[in-house]
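**Q** Sharing entry.cif below, mmCIF, C-alpha atoms:
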data_final
loop_
_atom_site.group_PDB
_atom_site.id
_atom_site.type_symbol
_atom_site.label_atom_id
_atom_site.label_comp_id
_atom_site.auth_asym_id
_atom_site.auth_seq_id
_atom_site.Cartn_x
_atom_site.Cartn_y
_atom_site.Cartn_z
ATOM 1 C CA GLN A 1 42.608 18.559 -177.692
ATOM 2 C CA LYS A 2 39.742 19.678 -175.459
ATOM 3 C CA GLU A 3 37.736 22.656 -176.629
ATOM 4 C CA VAL A 4 38.453 24.628 -173.442
ATOM 5 C CA GLU A 5 41.348 23.936 -171.100
ATOM 6 C CA GLN A 6 41.803 25.246 -167.604
ATOM 7 C CA ASP A 7 44.295 24.328 -164.905
ATOM 8 C CA PRO A 8 42.231 22.514 -162.248
ATOM 9 C CA GLY A 9 44.443 23.606 -159.362
ATOM 10 C CA PRO A 10 44.061 23.640 -156.477
ATOM 11 C CA LEU A 11 45.654 27.049 -156.286
ATOM 12 C CA SER A 12 46.511 28.327 -152.810
ATOM 13 C CA VAL A 13 47.520 31.935 -152.227
ATOM 14 C CA PRO A 14 47.922 34.147 -149.150
ATOM 15 C CA GLU A 15 45.359 36.835 -148.429
ATOM 16 C CA GLY A 16 46.115 40.021 -150.337
ATOM 17 C CA ALA A 17 47.838 38.289 -153.255
ATOM 18 C CA ILE A 18 47.028 38.922 -156.895
ATOM 19 C CA VAL A 19 45.482 35.837 -158.442
ATOM 20 C CA SER A 20 45.647 34.981 -162.123
ATOM 21 C CA LEU A 21 43.268 32.368 -163.528
ATOM 22 C CA ASN A 22 43.468 31.335 -167.166
ATOM 23 C CA CYS A 23 41.735 29.397 -169.907
ATOM 24 C CA THR A 24 42.794 28.477 -173.404
ATOM 25 C CA TYR A 25 40.422 27.476 -176.146
ATOM 26 C CA SER A 26 40.556 26.111 -179.661
ATOM 27 C CA ASN A 27 37.429 27.445 -181.388
ATOM 28 C CA SER A 28 38.175 30.788 -183.015
ATOM 29 C CA ALA A 29 34.421 31.404 -183.424
ATOM 30 C CA PHE A 30 33.982 32.095 -179.699
ATOM 31 C CA GLN A 31 33.151 35.763 -179.129
ATOM 32 C CA TYR A 32 31.416 35.832 -175.759
ATOM 33 C CA PHE A 33 33.497 35.057 -172.700
ATOM 34 C CA MET A 34 32.430 34.614 -169.122
ATOM 35 C CA TRP A 35 33.802 33.758 -165.723
ATOM 36 C CA TYR A 36 31.658 32.014 -163.147
ATOM 37 C CA ARG A 37 32.367 31.606 -159.450
ATOM 38 C CA GLN A 38 31.088 28.521 -157.669
ATOM 39 C CA TYR A 39 31.175 28.166 -153.910
ATOM 40 C CA SER A 40 31.140 24.668 -152.467
ATOM 41 C CA ARG A 41 27.737 22.972 -152.847
ATOM 42 C CA LYS A 42 26.239 25.981 -154.617
ATOM 43 C CA GLY A 43 25.368 26.786 -158.207
ATOM 44 C CA PRO A 44 27.816 28.822 -160.319
ATOM 45 C CA GLU A 45 27.170 32.562 -160.461
ATOM 46 C CA LEU A 46 28.176 34.851 -163.300
ATOM 47 C CA LEU A 47 31.116 36.992 -162.237
ATOM 48 C CA MET A 48 32.395 38.665 -165.397
ATOM 49 C CA TYR A 49 31.142 38.944 -168.978
ATOM 50 C CA THR A 50 33.238 40.123 -171.917
ATOM 51 C CA TYR A 51 32.470 40.417 -175.585
ATOM 52 C CA SER A 52 35.334 39.920 -178.048
ATOM 53 C CA SER A 53 38.855 41.024 -177.125
ATOM 54 C CA GLY A 54 39.920 43.481 -174.483
ATOM 55 C CA ASN A 55 39.748 44.089 -170.769
ATOM 56 C CA LYS A 56 36.879 44.582 -168.387
ATOM 57 C CA GLU A 57 37.228 45.667 -164.791
ATOM 58 C CA ASP A 58 34.747 45.336 -161.943
ATOM 59 C CA GLY A 59 36.062 46.201 -158.506
ATOM 60 C CA ARG A 60 38.872 43.806 -157.625
ATOM 61 C CA PHE A 61 38.217 41.660 -160.705
ATOM 62 C CA THR A 62 39.632 42.144 -164.211
ATOM 63 C CA ALA A 63 38.806 39.935 -167.172
ATOM 64 C CA GLN A 64 41.093 39.888 -170.195
ATOM 65 C CA VAL A 65 40.476 38.314 -173.578
ATOM 66 C CA ASP A 66 43.167 37.776 -176.195
ATOM 67 C CA LYS A 67 41.414 36.275 -179.186
ATOM 68 C CA SER A 68 44.576 36.163 -181.275
ATOM 69 C CA SER A 69 46.104 33.779 -178.731
ATOM 70 C CA LYS A 70 42.799 32.125 -177.819
ATOM 71 C CA TYR A 71 43.497 32.902 -174.191
ATOM 72 C CA ILE A 72 41.381 34.468 -171.467
ATOM 73 C CA SER A 73 42.323 35.488 -167.951
ATOM 74 C CA LEU A 74 40.688 36.558 -164.729
ATOM 75 C CA PHE A 75 42.731 38.624 -162.282
ATOM 76 C CA ILE A 76 41.716 39.064 -158.667
ATOM 77 C CA ARG A 77 43.444 41.874 -156.786
ATOM 78 C CA ASP A 78 43.781 41.991 -153.003
ATOM 79 C CA SER A 79 42.389 38.470 -152.747
ATOM 80 C CA GLN A 80 40.240 37.663 -149.716
ATOM 81 C CA PRO A 81 39.378 34.371 -148.005
ATOM 82 C CA SER A 82 35.835 34.910 -149.294
ATOM 83 C CA ASP A 83 37.231 34.531 -152.837
ATOM 84 C CA SER A 84 37.935 30.855 -152.089
ATOM 85 C CA ALA A 85 35.826 29.022 -154.648
ATOM 86 C CA THR A 86 36.003 27.228 -157.969
ATOM 87 C CA TYR A 87 36.242 29.536 -160.965
ATOM 88 C CA LEU A 88 34.902 28.312 -164.297
ATOM 89 C CA CYS A 89 35.508 30.010 -167.590
ATOM 90 C CA ALA A 90 32.800 29.765 -170.229
ATOM 91 C CA MET A 91 32.497 30.890 -173.801
ATOM 92 C CA SER A 92 30.043 30.970 -176.643
ATOM 93 C CA ASP A 93 29.911 31.576 -180.371
ATOM 94 C CA GLY A 94 26.283 32.613 -180.111
ATOM 95 C CA GLN A 95 24.965 29.095 -180.512
ATOM 96 C CA ASN A 96 27.262 26.717 -178.676
ATOM 97 C CA PHE A 97 28.227 27.226 -175.059
ATOM 98 C CA VAL A 98 31.196 25.535 -173.428
ATOM 99 C CA PHE A 99 32.475 25.530 -169.848
ATOM 100 C CA GLY A 100 36.020 24.969 -168.734
ATOM 101 C CA PRO A 101 36.508 22.355 -166.005
ATOM 102 C CA GLY A 102 37.183 24.987 -163.333
ATOM 103 C CA THR A 103 40.102 26.017 -161.115
ATOM 104 C CA ARG A 104 39.782 25.580 -157.366
ATOM 105 C CA LEU A 105 41.179 28.593 -155.510
ATOM 106 C CA SER A 106 41.962 28.815 -151.802
ATOM 107 C CA VAL A 107 42.881 32.172 -150.278
ATOM 108 C CA LEU A 108 44.550 31.610 -146.939
ATOM 109 C CA PRO A 109 44.113 34.177 -144.127
ATOM 110 C CA ASP B 1 13.341 38.550 -157.548
ATOM 111 C CA GLY B 2 13.741 36.435 -160.651
ATOM 112 C CA GLY B 3 15.715 33.256 -160.472
ATOM 113 C CA ILE B 4 15.841 29.493 -160.702
ATOM 114 C CA THR B 5 14.568 27.271 -157.937
ATOM 115 C CA GLN B 6 15.757 23.701 -157.627
ATOM 116 C CA SER B 7 14.218 21.265 -155.193
ATOM 117 C CA PRO B 8 14.889 19.367 -153.141
ATOM 118 C CA LYS B 9 18.340 20.492 -152.018
ATOM 119 C CA TYR B 10 19.223 16.953 -150.910
ATOM 120 C CA LEU B 11 17.702 13.735 -152.236
ATOM 121 C CA PHE B 12 18.311 10.124 -151.350
ATOM 122 C CA ARG B 13 17.479 7.311 -153.723
ATOM 123 C CA LYS B 14 17.275 3.626 -153.102
ATOM 124 C CA GLU B 15 18.632 1.193 -155.661
ATOM 125 C CA GLY B 16 16.118 0.616 -158.455
ATOM 126 C CA GLN B 17 14.088 3.754 -157.770
ATOM 127 C CA ASN B 18 13.281 6.579 -160.142
ATOM 128 C CA VAL B 19 13.504 10.063 -158.680
ATOM 129 C CA THR B 20 12.537 13.438 -160.109
ATOM 130 C CA LEU B 21 14.419 16.672 -159.555
ATOM 131 C CA SER B 22 12.459 19.879 -159.884
ATOM 132 C CA CYS B 23 13.619 23.028 -161.682
ATOM 133 C CA GLU B 24 11.462 26.155 -161.971
ATOM 134 C CA GLN B 25 12.446 29.554 -163.368
ATOM 135 C CA ASN B 26 10.654 32.902 -163.424
ATOM 136 C CA LEU B 27 13.162 34.663 -165.662
ATOM 137 C CA ASN B 28 11.069 34.163 -168.803
ATOM 138 C CA HIS B 29 14.022 32.357 -170.385
ATOM 139 C CA ASP B 30 13.316 30.124 -173.350
ATOM 140 C CA ALA B 31 16.219 27.716 -172.897
ATOM 141 C CA MET B 32 16.814 25.429 -169.922
ATOM 142 C CA TYR B 33 19.569 22.945 -169.167
ATOM 143 C CA TRP B 34 20.511 20.137 -166.816
ATOM 144 C CA TYR B 35 24.108 19.509 -165.832
ATOM 145 C CA ARG B 36 25.770 16.917 -163.672
ATOM 146 C CA GLN B 37 28.827 17.764 -161.579
ATOM 147 C CA ASP B 38 30.987 15.123 -159.903
ATOM 148 C CA PRO B 39 33.655 15.955 -157.300
ATOM 149 C CA GLY B 40 36.671 17.580 -158.897
ATOM 150 C CA GLN B 41 35.087 17.432 -162.334
ATOM 151 C CA GLY B 42 33.553 19.960 -164.636
ATOM 152 C CA LEU B 43 29.966 20.336 -165.735
ATOM 153 C CA ARG B 44 28.561 17.666 -168.015
ATOM 154 C CA LEU B 45 25.421 18.387 -170.017
ATOM 155 C CA ILE B 46 22.581 15.891 -169.567
ATOM 156 C CA TYR B 47 19.658 17.443 -171.470
ATOM 157 C CA TYR B 48 18.643 20.825 -172.765
ATOM 158 C CA SER B 49 15.486 22.432 -174.059
ATOM 159 C CA GLN B 50 15.318 25.543 -176.205
ATOM 160 C CA ILE B 51 11.555 25.708 -176.421
ATOM 161 C CA VAL B 52 8.466 24.238 -174.788
ATOM 162 C CA ASN B 53 7.666 20.654 -175.800
ATOM 163 C CA ASP B 54 11.113 20.141 -177.297
ATOM 164 C CA PHE B 55 14.348 18.907 -175.743
ATOM 165 C CA GLN B 56 17.644 17.443 -176.869
ATOM 166 C CA LYS B 57 20.101 14.958 -175.395
ATOM 167 C CA GLY B 58 23.369 16.265 -174.091
ATOM 168 C CA ASP B 59 26.615 14.391 -173.622
ATOM 169 C CA ILE B 60 25.458 12.012 -170.875
ATOM 170 C CA ALA B 61 21.694 11.502 -171.368
ATOM 171 C CA GLU B 62 21.618 7.743 -170.769
ATOM 172 C CA GLY B 63 19.597 6.872 -167.683
ATOM 173 C CA TYR B 64 17.900 10.270 -167.520
ATOM 174 C CA SER B 65 14.656 11.687 -168.892
ATOM 175 C CA VAL B 66 13.122 15.173 -169.015
ATOM 176 C CA SER B 67 9.946 16.953 -169.994
ATOM 177 C CA ARG B 68 9.213 20.570 -170.934
ATOM 178 C CA GLU B 69 5.463 21.057 -170.757
ATOM 179 C CA LYS B 70 5.717 24.629 -169.474
ATOM 180 C CA LYS B 71 8.210 27.361 -170.176
ATOM 181 C CA GLU B 72 8.915 27.750 -166.466
ATOM 182 C CA SER B 73 9.537 24.105 -165.626
ATOM 183 C CA PHE B 74 12.110 21.509 -166.696
ATOM 184 C CA PRO B 75 12.047 18.480 -164.370
ATOM 185 C CA LEU B 76 14.733 15.800 -164.581
ATOM 186 C CA THR B 77 14.020 12.148 -163.799
ATOM 187 C CA VAL B 78 16.932 9.961 -162.798
ATOM 188 C CA THR B 79 15.863 6.460 -163.706
ATOM 189 C CA SER B 80 16.995 3.120 -162.342
ATOM 190 C CA ALA B 81 18.941 2.683 -165.580
ATOM 191 C CA GLN B 82 21.428 5.320 -164.422
ATOM 192 C CA LYS B 83 24.051 3.144 -162.748
ATOM 193 C CA ASN B 84 25.998 5.838 -160.957
ATOM 194 C CA PRO B 85 23.542 8.628 -160.112
ATOM 195 C CA THR B 86 25.258 10.012 -157.003
ATOM 196 C CA ALA B 87 26.242 13.553 -158.020
ATOM 197 C CA PHE B 88 25.412 17.235 -157.773
ATOM 198 C CA TYR B 89 22.770 18.246 -160.322
ATOM 199 C CA LEU B 90 22.498 21.788 -161.617
ATOM 200 C CA CYS B 91 19.688 23.351 -163.609
ATOM 201 C CA ALA B 92 20.310 26.473 -165.668
ATOM 202 C CA SER B 93 18.424 28.758 -168.013
ATOM 203 C CA SER B 94 19.346 31.371 -170.575
ATOM 204 C CA ARG B 95 17.666 34.087 -172.616
ATOM 205 C CA MET B 96 20.169 33.726 -175.410
ATOM 206 C CA THR B 97 23.325 31.617 -175.351
ATOM 207 C CA GLN B 98 25.682 34.547 -175.764
ATOM 208 C CA TYR B 99 24.438 36.161 -172.547
ATOM 209 C CA GLY B 100 25.402 33.218 -170.399
ATOM 210 C CA TYR B 101 23.454 30.993 -168.092
ATOM 211 C CA THR B 102 21.723 31.520 -164.769
ATOM 212 C CA PHE B 103 22.047 28.561 -162.433
ATOM 213 C CA GLY B 104 19.943 27.188 -159.635
ATOM 214 C CA SER B 105 21.451 26.237 -156.293
ATOM 215 C CA GLY B 106 21.636 22.542 -157.156
ATOM 216 C CA THR B 107 20.336 19.211 -155.885
ATOM 217 C CA ARG B 108 22.675 16.722 -154.291
ATOM 218 C CA LEU B 109 21.503 13.187 -155.074
ATOM 219 C CA THR B 110 22.831 10.240 -153.103
ATOM 220 C CA VAL B 111 22.105 6.559 -153.650
ATOM 221 C CA VAL B 112 21.594 4.661 -150.396
#
Produce structure tokens that represent the structure in this file.
**A**
Amino acid sequence: QKEVEQDPGPLSVPEGAIVSLNCTYSNSAFQYFMWYRQYSRKGPELLMYTYSSGNKEDGRFTAQVDKSSKYISLFIRDSQPSDSATYLCAMSDGQNFVFGPGTRLSVLP
Amino acid sequence: DGGITQSPKYLFRKEGQNVTLSCEQNLNHDAMYWYRQDPGQGLRLIYYSQIVNDFQKGDIAEGYSVSREKKESFPLTVTSAQKNPTAFYLCASSRMTQYGYTFGSGTRLTVV
């Protein structure tokens, strides 16, 4: 079993849809959870950062962490074509840092 | 503005050549990392350095070498021993692991 699993997609949605991106993980020591957005031929940029369980909202983006299920999610509301990118989850236990493989998202106008 | 600068953006290598990719950061981060990204694949760790004059191999270090003589700089050399070097290379840095990484804009290396 891989340490972090993420559906690679591609995921195609119409503009305005709510998008749900997910990762599962196996290491219960992870406490710091992140989502990165990577546009084609660019470096990943930090989108959302969450410590431990709970929700965090920033504009159209909501990050959720369920440590009991070892499951994290990123929701994008009112998705826009400019949201088309690869989304990578990442997590850390304070020493080790692991990325998911990424989900490619296309938002169609 | 603080950030990470990778150069060049595009690099072409002939068979049997060594090439060096530059990575400079002005974020005052202690740790720096090199990742390789192939189409449709995730990030694979090549080397990392948590302090000046010290570095560790990642998951795919064979055919690569690094140095960390200054806190700000972490160049990556792709040697002729790397049989399949065509890829997108990303440099990153972090203050502390739990705060996440800051990435550069990447170097696309192509063997010609």
**Q** Once you count all atoms listed in the file, which residues end up no further than 6 Å from (24.4, 27.9, -157.0) in the file's frame, shown as a JSON list (two decimals) with C-alpha atoms, in the coordinates of the input?
**A**
[["chain", "number", "residue", "atom", "x", "y", "z"],
["A", 42, "LYS", "CA", 26.24, 25.98, -154.62],
["A", 43, "GLY", "CA", 25.37, 26.79, -158.21],
["A", 44, "PRO", "CA", 27.82, 28.82, -160.32],
["B", 103, "PHE", "CA", 22.05, 28.56, -162.43],
["B", 104, "GLY", "CA", 19.94, 27.19, -159.64],
["B", 105, "SER", "CA", 21.45, 26.24, -156.29]]
**Q** Provide the CA of Asn27 (chain A) to CA of Ile72 (chain A) distance in Å, to one decimal place.
**A**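 These atoms are spaced 12.8 Å apart.
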**Q** If we count only C-alpha atoms, which residues of chain B reach to within 7 Å of chain A? Please list them as a PyMOL selection string.
**A** chain B and resi 41-43+90+97-98+103-106
**Q** List the residues matched by the PyMOL selection byres ((chain B and resi 93) around 12) in the displayed structure as a VMD selection string, ordered by chain and then by residue number.
**A** chain B and resid 2 to 6 23 to 35 47 to 51 71 to 74 90 to 92 94 to 97 99 to 104
**Q** Please indicate the distance in Å from CA of Ser79 (chain A) to CA of Gly59 (chain A), rounded to one decimal place.
**A** 11.5 Å
**Q** Do you know which residues are at most 7 Å from region 12-23 of chain A counting all atoms listed in the file, after dropping those on the same chain fewer than 4 positions away, and could you put them as a ChimeraX atom specification?
**A** /A:4-6,71-81,89,105-109
**Q** Expand the PyMOL selection byres ((chain B and resi 112) around 12) into the explicit residue set it covers here, and present it as a tab-separated table (two decimals) with C-alpha atoms, in the frame of the given file.
**A**
chain	number	residue	atom	x	y	z
B	11	LEU	CA	17.70	13.74	-152.24
B	12	PHE	CA	18.31	10.12	-151.35
B	13	ARG	CA	17.48	7.31	-153.72
B	14	LYS	CA	17.27	3.63	-153.10
B	15	GLU	CA	18.63	1.19	-155.66
B	16	GLY	CA	16.12	0.62	-158.46
B	17	GLN	CA	14.09	3.75	-157.77
B	84	ASN	CA	26.00	5.84	-160.96
B	85	PRO	CA	23.54	8.63	-160.11
B	86	THR	CA	25.26	10.01	-157.00
B	109	LEU	CA	21.50	13.19	-155.07
B	110	THR	CA	22.83	10.24	-153.10
B	111	VAL	CA	22.10	6.56	-153.65
**Q** Quick check, in Å to one decimal: how far apart do CA of Ala61 (chain B) and CA of Arg108 (chain B) lie?
**A** 17.9 Å
**Q** What's the 7 Å shell around Ser7 (chain B), counting all atoms listed in the file, without same-chain residues fewer than 5 positions away, as a list of chain:residue names?
**A**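 In the requested format, the answer is B:Leu21, B:Ser22, B:Cys23, B:Thr107.
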**Q** Residues within 6 Å of region 62-68 of chain B, please, as a list in words. Count only C-alpha atoms; anything in the same chain fewer than 2 positions from it doesn't count.
**A**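 So, after excluding close chain neighbours, the residues are Val52, Asn53, Ile60, Lys70, Phe74, Pro75, Leu76, Thr77, Val78, Thr79, Ala81 and Gln82 of chain B.
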**Q** Please output region 28-39 of chain A, rebuilt to include all heavy atoms, as a compact mmCIF listing (two decimals), keeping the file's coordinate frame.
**A**
# COMPACT_ATOMS: atom_id res chain seq x y z
N SER A 28 38.00 29.36 -182.74
CA SER A 28 38.17 30.79 -183.02
C SER A 28 36.84 31.52 -183.19
O SER A 28 36.80 32.75 -183.26
CB SER A 28 39.04 30.99 -184.27
OG SER A 28 38.45 30.34 -185.38
N ALA A 29 35.73 30.77 -183.27
CA ALA A 29 34.42 31.40 -183.42
C ALA A 29 33.87 31.95 -182.11
O ALA A 29 32.91 32.71 -182.11
CB ALA A 29 33.43 30.41 -184.01
N PHE A 30 34.47 31.58 -180.99
CA PHE A 30 33.98 32.10 -179.70
C PHE A 30 34.16 33.60 -179.64
O PHE A 30 35.22 34.13 -179.95
CB PHE A 30 34.73 31.45 -178.53
CG PHE A 30 34.36 30.01 -178.29
CD1 PHE A 30 35.32 29.10 -177.89
CD2 PHE A 30 33.06 29.57 -178.45
CE1 PHE A 30 35.00 27.77 -177.66
CE2 PHE A 30 32.72 28.24 -178.23
CZ PHE A 30 33.70 27.34 -177.84
N GLN A 31 33.09 34.30 -179.23
CA GLN A 31 33.15 35.76 -179.13
C GLN A 31 32.70 36.26 -177.77
O GLN A 31 32.95 37.41 -177.41
CB GLN A 31 32.23 36.39 -180.17
CG GLN A 31 32.60 36.13 -181.61
CD GLN A 31 31.72 36.96 -182.51
OE1 GLN A 31 31.86 38.18 -182.60
NE2 GLN A 31 30.79 36.30 -183.19
N TYR A 32 31.98 35.43 -177.05
CA TYR A 32 31.42 35.83 -175.76
C TYR A 32 32.11 35.02 -174.67
O TYR A 32 32.14 33.79 -174.73
CB TYR A 32 29.91 35.57 -175.74
CG TYR A 32 29.19 36.15 -176.93
CD1 TYR A 32 28.95 35.39 -178.07
CD2 TYR A 32 28.77 37.48 -176.92
CE1 TYR A 32 28.31 35.93 -179.17
CE2 TYR A 32 28.12 38.02 -178.01
CZ TYR A 32 27.90 37.24 -179.14
OH TYR A 32 27.26 37.77 -180.22
N PHE A 33 32.66 35.72 -173.69
CA PHE A 33 33.50 35.06 -172.70
C PHE A 33 33.02 35.43 -171.30
O PHE A 33 32.73 36.60 -171.01
CB PHE A 33 34.96 35.48 -172.88
CG PHE A 33 35.48 35.17 -174.26
CD1 PHE A 33 35.40 36.12 -175.27
CD2 PHE A 33 36.01 33.93 -174.54
CE1 PHE A 33 35.86 35.84 -176.55
CE2 PHE A 33 36.48 33.63 -175.82
CZ PHE A 33 36.39 34.58 -176.82
N MET A 34 32.96 34.42 -170.46
CA MET A 34 32.43 34.61 -169.12
C MET A 34 33.30 33.92 -168.08
O MET A 34 33.98 32.94 -168.39
CB MET A 34 31.01 34.03 -169.03
CG MET A 34 29.97 34.86 -169.74
SD MET A 34 28.72 33.87 -170.57
CE MET A 34 29.45 33.67 -172.21
N TRP A 35 33.22 34.43 -166.88
CA TRP A 35 33.80 33.76 -165.72
C TRP A 35 32.69 33.56 -164.70
O TRP A 35 31.95 34.50 -164.39
CB TRP A 35 34.93 34.58 -165.10
CG TRP A 35 36.19 34.52 -165.91
CD1 TRP A 35 36.60 35.41 -166.85
CD2 TRP A 35 37.20 33.51 -165.84
NE1 TRP A 35 37.80 35.02 -167.38
CE2 TRP A 35 38.19 33.86 -166.79
CE3 TRP A 35 37.37 32.35 -165.09
CZ2 TRP A 35 39.34 33.08 -166.98
CZ3 TRP A 35 38.50 31.58 -165.28
CH2 TRP A 35 39.47 31.95 -166.22
N TYR A 36 32.61 32.34 -164.20
CA TYR A 36 31.66 32.01 -163.15
C TYR A 36 32.42 31.65 -161.88
O TYR A 36 33.50 31.07 -161.92
CB TYR A 36 30.80 30.81 -163.56
CG TYR A 36 29.74 31.12 -164.58
CD1 TYR A 36 30.05 31.21 -165.93
CD2 TYR A 36 28.42 31.31 -164.19
CE1 TYR A 36 29.08 31.49 -166.87
CE2 TYR A 36 27.44 31.59 -165.12
CZ TYR A 36 27.77 31.67 -166.45
OH TYR A 36 26.80 31.95 -167.37
N ARG A 37 31.83 31.98 -160.75
CA ARG A 37 32.37 31.61 -159.45
C ARG A 37 31.39 30.62 -158.82
O ARG A 37 30.18 30.87 -158.80
CB ARG A 37 32.53 32.84 -158.56
CG ARG A 37 33.04 32.57 -157.16
CD ARG A 37 33.25 33.87 -156.41
NE ARG A 37 32.02 34.62 -156.26
CZ ARG A 37 31.97 35.91 -155.90
NH1 ARG A 37 33.10 36.58 -155.67
NH2 ARG A 37 30.82 36.51 -155.78
N GLN A 38 31.93 29.53 -158.31
CA GLN A 38 31.09 28.52 -157.67
C GLN A 38 31.63 28.20 -156.28
O GLN A 38 32.72 27.64 -156.13
CB GLN A 38 31.03 27.24 -158.51
CG GLN A 38 30.09 26.19 -157.94
CD GLN A 38 30.00 24.93 -158.76
OE1 GLN A 38 30.89 24.63 -159.56
NE2 GLN A 38 28.92 24.17 -158.59
N TYR A 39 30.84 28.56 -155.27
CA TYR A 39 31.18 28.17 -153.91
C TYR A 39 30.76 26.71 -153.72
O TYR A 39 29.89 26.19 -154.41
CB TYR A 39 30.46 29.07 -152.90
CG TYR A 39 30.99 30.48 -152.88
CD1 TYR A 39 30.20 31.56 -153.24
CD2 TYR A 39 32.30 30.75 -152.49
CE1 TYR A 39 30.67 32.87 -153.22
CE2 TYR A 39 32.79 32.04 -152.47
CZ TYR A 39 31.97 33.09 -152.85
OH TYR A 39 32.45 34.37 -152.83
